[in-house]
file model_27.csv (CSV, C-alpha atoms)
chain,number,residue,atom,x,y,z
K,244,MET,CA,77.6,80.7,112.6
K,245,SER,CA,81.0,81.7,111.3
K,246,ASP,CA,83.2,84.3,112.9
K,247,ARG,CA,83.2,87.7,111.1
K,248,ALA,CA,86.5,89.4,110.4
K,249,ALA,CA,86.9,93.0,111.3
K,250,GLY,CA,86.9,94.0,107.6
K,251,GLY,CA,83.5,92.7,107.0
K,252,GLY,CA,84.2,89.2,105.5
K,253,THR,CA,84.0,86.0,107.4
K,254,VAL,CA,86.9,83.6,108.4
K,255,ASP,CA,85.2,81.0,106.2
K,256,ASP,CA,85.9,83.1,103.2
K,257,TYR,CA,89.7,82.5,103.6
K,258,VAL,CA,90.3,78.8,103.0
K,259,GLY,CA,93.3,79.1,100.6
K,260,ARG,CA,97.0,79.1,101.2
K,261,VAL,CA,98.7,80.7,104.2
K,262,LEU,CA,101.5,83.2,103.7
K,263,ALA,CA,104.1,83.8,106.4
K,264,ASP,CA,102.2,81.4,108.7
K,265,ARG,CA,99.9,84.3,109.2
K,266,TYR,CA,97.9,85.6,106.2
K,267,ARG,CA,95.2,83.2,105.0
K,268,LEU,CA,94.2,83.7,101.4
K,269,PRO,CA,90.9,83.0,99.8
K,270,LEU,CA,90.6,80.4,97.0
K,271,PRO,CA,91.1,82.2,93.7
K,272,PRO,CA,88.3,82.2,91.2
K,273,SER,CA,88.5,79.4,88.7
K,274,ASP,CA,88.9,81.9,85.8
K,275,GLU,CA,91.6,84.0,87.5
K,276,TYR,CA,95.1,83.5,86.1
K,277,GLU,CA,97.0,86.6,87.3
K,278,LEU,CA,95.9,87.3,90.9
K,279,ALA,CA,98.4,90.1,91.7
K,280,GLU,CA,96.6,91.3,94.8
K,281,THR,CA,93.8,89.9,97.0
K,282,ARG,CA,92.3,90.4,100.4
K,283,ALA,CA,93.5,88.0,103.1
K,284,PHE,CA,92.7,87.2,106.7
K,285,ASP,CA,95.4,88.1,109.3
K,286,THR,CA,95.2,85.3,111.8
K,287,TYR,CA,97.3,87.4,114.3
K,288,SER,CA,95.0,90.4,114.5
K,289,GLY,CA,91.7,88.8,113.3
K,290,GLN,CA,91.3,91.5,110.6
K,291,GLU,CA,91.2,91.5,106.9
K,292,VAL,CA,94.2,92.9,105.0
K,293,LEU,CA,95.2,93.4,101.4
K,294,VAL,CA,98.1,91.4,100.0
K,295,ARG,CA,100.1,92.4,96.9
K,296,GLN,CA,102.6,90.3,95.1
K,297,VAL,CA,105.8,91.7,93.6
K,298,PRO,CA,107.5,88.9,91.6
K,299,LEU,CA,111.2,88.6,92.0
K,300,PRO,CA,113.4,88.8,88.8
K,301,GLU,CA,115.8,86.2,87.5
K,302,VAL,CA,118.8,87.8,89.1
K,303,VAL,CA,117.8,86.5,92.5
K,304,GLU,CA,119.3,83.2,93.6
K,305,ALA,CA,117.4,80.2,92.2
K,306,GLU,CA,116.1,78.8,95.5
K,307,VAL,CA,114.3,82.0,96.2
K,308,LEU,CA,112.6,81.9,92.8
K,309,ASP,CA,110.9,78.5,93.2
K,310,ALA,CA,107.8,79.1,91.1
K,311,ASP,CA,106.2,75.9,92.5
K,312,GLY,CA,106.2,77.7,95.9
K,313,LEU,CA,103.6,80.3,94.9
K,314,PRO,CA,100.1,80.1,96.3
K,315,GLU,CA,97.5,78.9,93.8
K,316,GLY,CA,96.4,81.7,91.5
K,317,PHE,CA,99.5,83.8,91.9
K,318,VAL,CA,102.0,84.1,89.0
K,319,ALA,CA,105.7,83.5,88.8
K,320,ARG,CA,108.0,85.9,86.9
K,321,ASP,CA,107.5,83.9,83.7
K,322,GLY,CA,103.7,84.0,84.0
K,323,ARG,CA,103.3,80.4,85.2
K,324,ALA,CA,100.8,79.8,88.0
K,325,ARG,CA,101.5,77.1,90.6
K,326,GLY,CA,99.3,75.4,93.2
K,327,ALA,CA,101.8,73.7,95.4
K,328,PHE,CA,102.5,74.8,99.0
K,329,ALA,CA,105.4,77.2,99.4
K,330,ARG,CA,108.7,75.5,99.6
K,331,THR,CA,110.5,78.6,100.4
K,332,ALA,CA,109.9,79.8,104.0
K,333,ALA,CA,108.8,83.4,104.6
K,334,THR,CA,111.6,85.7,105.6
K,335,ARG,CA,111.9,89.4,106.3
K,336,ARG,CA,115.7,89.5,106.1
K,337,PRO,CA,116.7,87.1,103.3
K,338,ASP,CA,120.3,86.1,102.6
K,339,ASP,CA,120.1,87.4,99.0
K,340,PRO,CA,121.3,91.0,99.1
K,341,ALA,CA,119.0,92.1,96.2
K,342,VAL,CA,115.9,90.8,97.9
K,343,ARG,CA,117.0,92.2,101.3
K,344,ARG,CA,117.4,95.7,99.7
K,345,ALA,CA,114.0,95.4,98.2
K,346,ILE,CA,112.4,94.4,101.5
K,347,GLU,CA,114.2,97.2,103.4
K,348,ALA,CA,113.1,99.8,100.8
K,349,ALA,CA,109.5,98.7,101.1
K,350,GLN,CA,109.7,98.6,104.9
K,351,ALA,CA,111.2,102.2,104.9
K,352,ALA,CA,108.2,103.4,102.8
K,353,ALA,CA,105.9,101.8,105.3
K,354,GLN,CA,107.3,103.9,108.1
K,355,ILE,CA,105.8,107.1,106.7
K,356,PRO,CA,103.3,108.4,109.3
K,357,ASP,CA,99.7,107.5,108.6
K,358,HIS,CA,97.8,110.0,106.5
K,359,PRO,CA,94.2,109.9,105.2
K,360,ARG,CA,95.5,110.2,101.6
K,361,LEU,CA,97.9,107.3,101.9
K,362,ASP,CA,97.3,103.6,102.4
K,363,GLN,CA,99.0,102.0,105.4
K,364,VAL,CA,101.4,99.1,105.0
K,365,PHE,CA,101.6,96.6,107.8
K,366,ASP,CA,104.2,94.0,106.6
K,367,VAL,CA,106.7,93.1,103.9
K,368,PHE,CA,108.3,89.7,103.4
K,369,ALA,CA,109.6,87.3,100.8
K,370,GLU,CA,108.2,83.9,100.2
K,371,GLY,CA,107.8,81.5,97.3
K,372,GLY,CA,109.6,83.6,94.6
K,373,SER,CA,107.9,86.9,95.4
K,374,LEU,CA,107.8,89.8,97.7
K,375,TRP,CA,104.5,90.3,99.5
K,376,ILE,CA,103.3,93.6,100.8
K,377,VAL,CA,100.5,93.6,103.3
K,378,SER,CA,98.4,96.8,103.7
K,379,GLU,CA,95.1,98.0,104.9
K,380,PRO,CA,92.1,97.0,102.8
K,381,VAL,CA,90.4,100.2,101.5
K,382,ALA,CA,86.8,100.4,100.4
K,383,ALA,CA,87.7,101.9,97.0
K,384,ARG,CA,88.1,101.3,93.3
K,385,PRO,CA,91.1,102.1,91.2
K,386,LEU,CA,90.7,105.3,89.1
K,387,ALA,CA,91.3,103.1,86.1
K,388,ALA,CA,88.1,101.2,86.8
K,389,LEU,CA,86.1,104.4,87.0
K,390,LEU,CA,87.6,105.8,83.8
K,391,ALA,CA,86.7,102.6,82.0
K,392,GLU,CA,83.1,103.3,82.7
K,393,GLN,CA,82.9,107.1,81.9
K,394,PRO,CA,85.2,110.1,81.9
K,395,LEU,CA,85.4,112.2,85.0
K,396,THR,CA,83.7,115.6,85.0
K,397,PRO,CA,86.1,118.5,85.1
K,398,TYR,CA,85.1,119.3,88.7
K,399,ARG,CA,85.6,115.7,89.8
K,400,ALA,CA,88.9,115.5,88.0
K,401,ALA,CA,90.1,118.6,89.8
K,402,GLU,CA,89.0,117.0,93.2
K,403,VAL,CA,91.0,113.8,92.4
K,404,ALA,CA,94.0,115.8,91.3
K,405,SER,CA,93.9,117.9,94.5
K,406,ASP,CA,93.8,114.8,96.7
K,407,VAL,CA,96.7,113.2,94.8
K,408,LEU,CA,98.7,116.4,95.2
K,409,MET,CA,98.0,116.4,98.9
K,410,ALA,CA,99.3,112.9,99.2
K,411,LEU,CA,102.4,113.9,97.2
K,412,ARG,CA,103.1,116.8,99.5
K,413,VAL,CA,103.1,114.5,102.4
K,414,LEU,CA,105.5,112.1,100.7
K,415,HIS,CA,107.8,115.0,99.6
K,416,ALA,CA,107.8,116.4,103.1
K,417,HIS,CA,109.4,113.1,104.2
K,418,GLY,CA,111.9,113.1,101.3
K,419,TRP,CA,110.1,110.5,99.2
K,420,VAL,CA,109.5,110.6,95.5
K,421,HIS,CA,106.5,108.5,94.3
K,422,ARG,CA,107.5,107.0,90.9
K,423,ASN,CA,104.5,104.6,90.7
K,424,ILE,CA,101.6,106.9,90.1
K,425,THR,CA,99.1,105.3,87.6
K,426,ALA,CA,95.4,105.1,87.2
K,427,ARG,CA,95.6,101.9,89.2
K,428,THR,CA,97.5,103.3,92.2
K,429,VAL,CA,95.1,106.2,92.6
K,430,LEU,CA,92.1,104.8,94.6
K,431,VAL,CA,88.7,106.5,94.7
K,432,CYS,CA,87.1,105.6,98.0
K,433,ASP,CA,83.4,104.8,98.4
K,434,ASP,CA,83.1,108.0,100.5
K,435,GLY,CA,84.5,110.1,97.7
K,436,ARG,CA,88.0,110.8,99.0
K,437,VAL,CA,91.0,109.8,97.0
K,438,MET,CA,94.0,107.8,98.3
K,439,LEU,CA,97.4,107.1,96.8
K,440,THR,CA,98.9,103.6,97.0
K,441,GLY,CA,101.8,101.8,95.5
K,442,LEU,CA,104.7,103.5,97.2
K,443,ALA,CA,106.1,100.4,99.0
K,444,ALA,CA,105.7,98.2,95.9
K,445,GLY,CA,107.4,100.9,93.7
K,446,ALA,CA,110.2,101.2,96.2
K,447,ALA,CA,110.8,97.4,96.2
K,448,GLU,CA,110.8,97.3,92.4
K,449,GLU,CA,113.2,100.2,92.2
K,450,ALA,CA,115.6,98.5,94.6
K,451,LEU,CA,115.4,95.2,92.6
K,452,CYS,CA,116.5,97.2,89.6
K,453,GLY,CA,119.5,98.5,91.4
K,454,TYR,CA,118.3,101.9,92.5
K,455,ASP,CA,118.1,103.3,96.0
K,456,PRO,CA,114.7,104.9,96.5
K,457,VAL,CA,115.0,105.5,100.2
K,458,PRO,CA,115.7,109.1,101.1
K,459,PRO,CA,118.9,109.6,103.2
K,460,ALA,CA,117.0,110.7,106.3
K,461,GLU,CA,114.8,107.6,106.0
K,462,SER,CA,117.6,105.1,105.5
K,463,GLY,CA,117.4,103.8,109.0
K,464,SER,CA,113.6,103.5,109.1
K,465,GLY,CA,113.5,100.5,106.9
K,466,THR,CA,114.9,98.4,109.7
K,467,GLY,CA,112.0,99.0,112.0
K,468,SER,CA,109.8,96.2,113.4
K,469,PRO,CA,108.4,94.3,110.4
K,470,GLY,CA,105.3,92.2,110.7
K,471,ARG,CA,103.3,94.8,112.6
K,472,GLY,CA,99.6,94.2,111.8
K,473,PRO,CA,96.5,96.3,112.4
K,474,GLU,CA,97.0,95.4,116.0
K,475,GLY,CA,100.6,94.2,115.9
K,476,PRO,CA,101.7,90.6,116.5
K,477,GLY,CA,102.8,91.4,120.0
call {"tool": "encode", "arguments": {"input": "model_27.csv", "output": "C-alpha coordinates"}}
result
Amino acid sequence: MSDRAAGGGTVDDYVGRVLADRYRLPLPPSDEYELAETRAFDTYSGQEVLVRQVPLPEVVEAEVLDADGLPEGFVARDGRARGAFARTAATRRPDDPAVRRAIEAAQAAAQIPDHPRLDQVFDVFAEGGSLWIVSEPVAARPLAALLAEQPLTPYRAAEVASDVLMALRVLHAHGWVHRNITARTVLVCDDGRVMLTGLAAGAAEEALCGYDPVPPAESGSGTGSPGRGPEGPG
(Lines of atoms letter the chains of each structure in order from A and count residues from 1; the text may use other names and numbers.)
(Lines give C-alpha, C1' and ligand atoms only; values in the text may rest on other atoms or scores of the structure.)
Protein backbone atom coordinates (compact mmCIF):
# COMPACT_ATOMS: atom_id res chain seq x y z
CA MET A 1 0.00 0.00 0.00
CA SER A 2 1.42 3.40 -0.95
CA ASP A 3 1.72 6.30 1.46
CA ARG A 4 -0.95 8.97 1.13
CA ALA A 5 0.06 12.61 1.02
CA ALA A 6 -1.72 15.09 3.25
CA GLY A 7 -3.38 16.72 0.26
CA GLY A 8 -5.18 13.53 -0.79
CA GLY A 9 -2.86 12.08 -3.47
CA THR A 10 -0.31 9.36 -2.98
CA VAL A 11 3.46 9.56 -3.02
CA ASP A 12 3.41 7.17 -5.98
CA ASP A 13 1.65 9.88 -8.01
CA TYR A 14 4.83 11.98 -7.97
CA VAL A 15 7.51 10.14 -9.92
CA GLY A 16 8.76 12.99 -12.11
CA ARG A 17 11.56 15.50 -11.67
CA VAL A 18 12.52 16.98 -8.30
CA LEU A 19 12.84 20.75 -7.88
CA ALA A 20 15.13 22.27 -5.24
CA ASP A 21 15.93 18.76 -3.97
CA ARG A 22 12.53 18.89 -2.31
CA TYR A 23 9.47 19.16 -4.56
CA ARG A 24 8.74 16.02 -6.55
CA LEU A 25 6.64 16.56 -9.66
CA PRO A 26 4.25 14.14 -11.33
CA LEU A 27 4.96 12.91 -14.83
CA PRO A 28 3.28 15.33 -17.26
CA PRO A 29 0.51 14.00 -19.52
CA SER A 30 1.80 12.94 -22.92
CA ASP A 31 -0.34 15.60 -24.61
CA GLU A 32 0.70 18.44 -22.28
CA TYR A 33 3.08 20.95 -23.83
CA GLU A 34 2.73 24.01 -21.61
CA LEU A 35 2.57 22.82 -18.02
CA ALA A 36 2.84 26.20 -16.28
CA GLU A 37 1.62 24.91 -12.93
CA THR A 38 1.13 21.54 -11.31
CA ARG A 39 0.70 19.85 -7.97
CA ALA A 40 3.86 18.46 -6.42
CA PHE A 41 4.86 16.47 -3.35
CA ASP A 42 6.90 18.30 -0.71
CA THR A 43 9.31 15.68 0.60
CA TYR A 44 10.14 17.88 3.63
CA SER A 45 6.60 18.21 4.97
CA GLY A 46 4.97 15.15 3.39
CA GLN A 47 2.22 17.34 1.93
CA GLU A 48 1.02 18.22 -1.53
CA VAL A 49 1.75 21.73 -2.81
CA LEU A 50 1.13 23.71 -5.97
CA VAL A 51 4.15 24.73 -8.07
CA ARG A 52 3.96 27.61 -10.57
CA GLN A 53 6.58 28.40 -13.18
CA VAL A 54 7.59 31.97 -14.07
CA PRO A 55 10.00 31.78 -17.05
CA LEU A 56 12.95 34.14 -16.89
CA PRO A 57 13.46 36.63 -19.75
CA GLU A 58 16.46 36.87 -22.02
CA VAL A 59 18.02 39.73 -20.04
CA VAL A 60 19.09 37.25 -17.37
CA GLU A 61 22.56 35.80 -17.67
CA ALA A 62 22.81 32.82 -20.01
CA GLU A 63 23.76 30.16 -17.49
CA VAL A 64 20.59 30.84 -15.54
CA LEU A 65 18.50 30.44 -18.69
CA ASP A 66 19.54 26.88 -19.56
CA ALA A 67 16.37 25.61 -21.25
CA ASP A 68 17.72 22.07 -21.09
CA GLY A 69 17.50 22.32 -17.32
CA LEU A 70 13.70 22.55 -17.22
CA PRO A 71 11.72 19.59 -15.88
CA GLU A 72 9.89 17.59 -18.52
CA GLY A 73 6.66 19.25 -19.57
CA PHE A 74 7.65 22.76 -18.51
CA VAL A 75 8.40 25.42 -21.09
CA ALA A 76 11.38 27.69 -21.68
CA ARG A 77 10.93 31.37 -22.53
CA ASP A 78 10.97 30.54 -26.25
CA GLY A 79 8.34 27.84 -25.86
CA ARG A 80 10.66 24.84 -26.13
CA ALA A 81 10.06 21.97 -23.72
CA ARG A 82 12.99 20.01 -22.35
CA GLY A 83 13.27 16.73 -20.50
CA ALA A 84 16.82 16.76 -19.14
CA PHE A 85 17.59 17.01 -15.45
CA ALA A 86 18.25 20.53 -14.21
CA ARG A 87 21.77 21.72 -14.82
CA THR A 88 21.27 24.89 -12.85
CA ALA A 89 21.06 24.27 -9.11
CA ALA A 90 18.17 25.78 -7.20
CA THR A 91 18.92 29.04 -5.45
CA ARG A 92 16.94 31.49 -3.35
CA ARG A 93 19.56 34.22 -3.64
CA PRO A 94 21.01 34.12 -7.16
CA ASP A 95 23.98 36.18 -8.27
CA ASP A 96 22.05 37.81 -11.09
CA PRO A 97 20.53 41.02 -9.66
CA ALA A 98 17.40 40.87 -11.84
CA VAL A 99 16.58 37.35 -10.70
CA ARG A 100 17.38 38.23 -7.10
CA ARG A 101 15.02 41.23 -7.18
CA ALA A 102 12.27 39.04 -8.61
CA ILE A 103 12.71 36.41 -5.91
CA GLU A 104 12.77 39.04 -3.17
CA ALA A 105 9.59 40.64 -4.53
CA ALA A 106 7.78 37.30 -4.56
CA GLN A 107 9.09 36.48 -1.09
CA ALA A 108 7.85 39.83 0.19
CA ALA A 109 4.40 39.11 -1.22
CA ALA A 110 4.47 35.75 0.56
CA GLN A 111 4.90 37.50 3.92
CA ILE A 112 1.36 38.92 3.90
CA PRO A 113 -0.49 37.30 6.82
CA ASP A 114 -2.69 34.34 5.97
CA HIS A 115 -6.25 35.19 5.02
CA PRO A 116 -9.09 32.94 3.83
CA ARG A 117 -9.43 34.99 0.62
CA LEU A 118 -5.74 34.75 -0.31
CA ASP A 119 -3.65 31.72 -1.17
CA GLN A 120 -0.56 31.03 0.95
CA VAL A 121 2.90 30.97 -0.64
CA PHE A 122 5.48 28.67 0.97
CA ASP A 123 8.64 29.00 -1.12
CA VAL A 124 10.23 30.90 -4.03
CA PHE A 125 13.42 29.91 -5.83
CA ALA A 126 15.15 29.93 -9.22
CA GLU A 127 16.14 26.77 -11.04
CA GLY A 128 16.58 25.65 -14.63
CA GLY A 129 15.78 28.96 -16.34
CA SER A 130 12.67 29.80 -14.32
CA LEU A 131 11.39 31.10 -11.04
CA TRP A 132 9.26 28.63 -9.11
CA ILE A 133 6.55 29.66 -6.68
CA VAL A 134 5.31 27.01 -4.26
CA SER A 135 1.92 27.58 -2.66
CA GLU A 136 -0.90 25.75 -0.98
CA PRO A 137 -3.03 23.51 -3.20
CA VAL A 138 -6.60 24.78 -3.21
CA ALA A 139 -9.67 22.70 -4.03
CA ALA A 140 -10.89 25.22 -6.56
CA ARG A 141 -11.30 26.03 -10.24
CA PRO A 142 -10.28 29.24 -11.97
CA LEU A 143 -13.16 31.57 -12.67
CA ALA A 144 -12.23 31.29 -16.35
CA ALA A 145 -13.12 27.58 -16.33
CA LEU A 146 -16.55 28.27 -14.86
CA LEU A 147 -17.25 31.10 -17.28
CA ALA A 148 -16.34 28.82 -20.19
CA GLU A 149 -19.19 26.53 -19.15
CA GLN A 150 -21.90 29.12 -18.48
CA PRO A 151 -22.31 32.72 -17.38
CA LEU A 152 -22.63 33.46 -13.68
CA THR A 153 -26.00 34.52 -12.35
CA PRO A 154 -26.13 38.15 -11.24
CA TYR A 155 -26.33 37.05 -7.60
CA ARG A 156 -23.33 34.72 -7.91
CA ALA A 157 -21.34 37.36 -9.80
CA ALA A 158 -21.97 39.78 -6.93
CA GLU A 159 -20.77 37.16 -4.42
CA VAL A 160 -17.57 36.60 -6.41
CA ALA A 161 -16.95 40.33 -6.71
CA SER A 162 -17.51 40.79 -2.97
CA ASP A 163 -14.95 38.13 -2.09
CA VAL A 164 -12.41 39.60 -4.51
CA LEU A 165 -12.93 43.04 -3.03
CA MET A 166 -12.37 41.61 0.45
CA ALA A 167 -9.08 40.11 -0.71
CA LEU A 168 -8.05 43.43 -2.24
CA ARG A 169 -8.87 45.30 0.97
CA VAL A 170 -6.51 42.97 2.83
CA LEU A 171 -3.74 43.56 0.29
CA HIS A 172 -4.26 47.32 0.28
CA ALA A 173 -4.13 47.37 4.08
CA HIS A 174 -0.58 46.02 3.77
CA GLY A 175 0.33 48.52 1.04
CA TRP A 176 0.17 46.07 -1.86
CA VAL A 177 -1.46 46.64 -5.24
CA HIS A 178 -2.52 43.48 -7.09
CA ARG A 179 -1.84 44.00 -10.79
CA ASN A 180 -2.44 40.40 -11.83
CA ILE A 181 -6.23 40.02 -11.45
CA THR A 182 -7.64 37.88 -14.24
CA ALA A 183 -10.28 35.20 -14.59
CA ARG A 184 -7.45 32.71 -14.00
CA THR A 185 -6.18 34.22 -10.74
CA VAL A 186 -9.67 34.33 -9.23
CA LEU A 187 -10.32 30.86 -7.80
CA VAL A 188 -13.80 29.56 -7.02
CA CYS A 189 -13.45 26.94 -4.30
CA ASP A 190 -15.44 23.76 -4.08
CA ASP A 191 -17.11 25.07 -0.91
CA GLY A 192 -18.30 28.19 -2.73
CA ARG A 193 -15.88 30.77 -1.37
CA VAL A 194 -13.58 32.73 -3.67
CA MET A 195 -9.83 33.21 -3.32
CA LEU A 196 -7.42 35.52 -5.09
CA THR A 197 -4.05 34.20 -6.19
CA GLY A 198 -1.21 35.39 -8.43
CA LEU A 199 0.22 38.18 -6.24
CA ALA A 200 3.67 36.60 -5.82
CA ALA A 201 3.92 35.66 -9.50
CA GLY A 202 2.81 39.14 -10.54
CA ALA A 203 5.32 40.75 -8.18
CA ALA A 204 8.14 38.62 -9.62
CA GLU A 205 7.16 39.49 -13.20
CA GLU A 206 7.00 43.20 -12.36
CA ALA A 207 10.45 43.05 -10.79
CA LEU A 208 11.81 41.30 -13.87
CA CYS A 209 10.43 44.17 -15.95
CA GLY A 210 12.36 46.68 -13.84
CA TYR A 211 9.56 47.84 -11.53
CA ASP A 212 9.57 47.68 -7.75
CA PRO A 213 6.21 46.22 -6.64
CA VAL A 214 7.14 45.96 -2.95
CA PRO A 215 5.55 48.63 -0.71
CA PRO A 216 8.12 50.63 1.29
CA ALA A 217 6.86 49.26 4.60
CA GLU A 218 7.25 45.71 3.27
CA SER A 219 10.69 46.17 1.70
CA GLY A 220 12.44 44.23 4.45
CA SER A 221 9.93 41.38 4.58
CA GLY A 222 11.18 39.80 1.39
CA THR A 223 14.34 38.69 3.13
CA GLY A 224 12.54 36.45 5.56
CA SER A 225 13.09 32.74 5.83
CA PRO A 226 12.52 31.27 2.36
CA GLY A 227 11.73 27.63 1.94
CA ARG A 228 9.14 27.43 4.70
CA GLY A 229 6.74 24.67 3.87
CA PRO A 230 3.34 23.72 5.26
CA GLU A 231 5.25 22.52 8.30
CA GLY A 232 8.58 24.26 7.59
CA PRO A 233 11.85 22.54 6.77
CA GLY A 234 13.08 22.93 10.33
call {"tool": "residues_around", "arguments": {"input": "model_27.csv", "residues": "Ala332 in chain K", "least_positions_apart": "4", "cutoff": "8 Å", "atoms": "only C-alpha atoms", "output": "CSV table (one decimal) with C-alpha atoms, in the frame of the given file"}}
result
chain,number,residue,atom,x,y,z
K,263,ALA,CA,104.1,83.8,106.4
K,370,GLU,CA,108.2,83.9,100.2
K,371,GLY,CA,107.8,81.5,97.3
call {"tool": "closest_residue", "arguments": {"input": "model_27.csv", "among": "K:Pro458, K:Ser373, K:Ile346, K:Thr334", "to": "Ala416 in chain K", "atoms": "only C-alpha atoms"}}
result
K:Pro458
call {"tool": "atom_distance", "arguments": {"input": "model_27.csv", "atom1": "CA of Leu430 in chain K", "atom2": "CA of Phe365 in chain K"}}
result
18.2 Å
call {"tool": "closest_residue", "arguments": {"input": "model_27.csv", "among": "K:Ala382, K:Gly418, K:Val413, K:Ala450", "to": "Arg436 in chain K", "atoms": "all atoms listed in the file"}}
result
K:Ala382
call {"tool": "residues_around", "arguments": {"input": "model_27.csv", "residues": "Val364 in chain K", "least_positions_apart": "4", "cutoff": "6 Å", "atoms": "all atoms listed in the file", "output": "list of chain:residue names"}}
result
K:Ala353, K:Val377, K:Ser378
call {"tool": "closest_residue", "arguments": {"input": "model_27.csv", "among": "K:Arg260, K:Arg412, K:Arg343, K:Arg267", "to": "Arg360 in chain K", "atoms": "all atoms listed in the file"}}
result
K:Arg412
call {"tool": "atom_distance", "arguments": {"input": "model_27.csv", "atom1": "CA of Gly441 in chain K", "atom2": "CA of Tyr266 in chain K"}}
result
19.8 Å
call {"tool": "residues_around", "arguments": {"input": "model_27.csv", "residues": "Phe284 in chain K", "least_positions_apart": "5", "cutoff": "7 Å", "atoms": "only C-alpha atoms", "output": "number ranges by chain"}}
result
K: 257, 266-268, 289-292
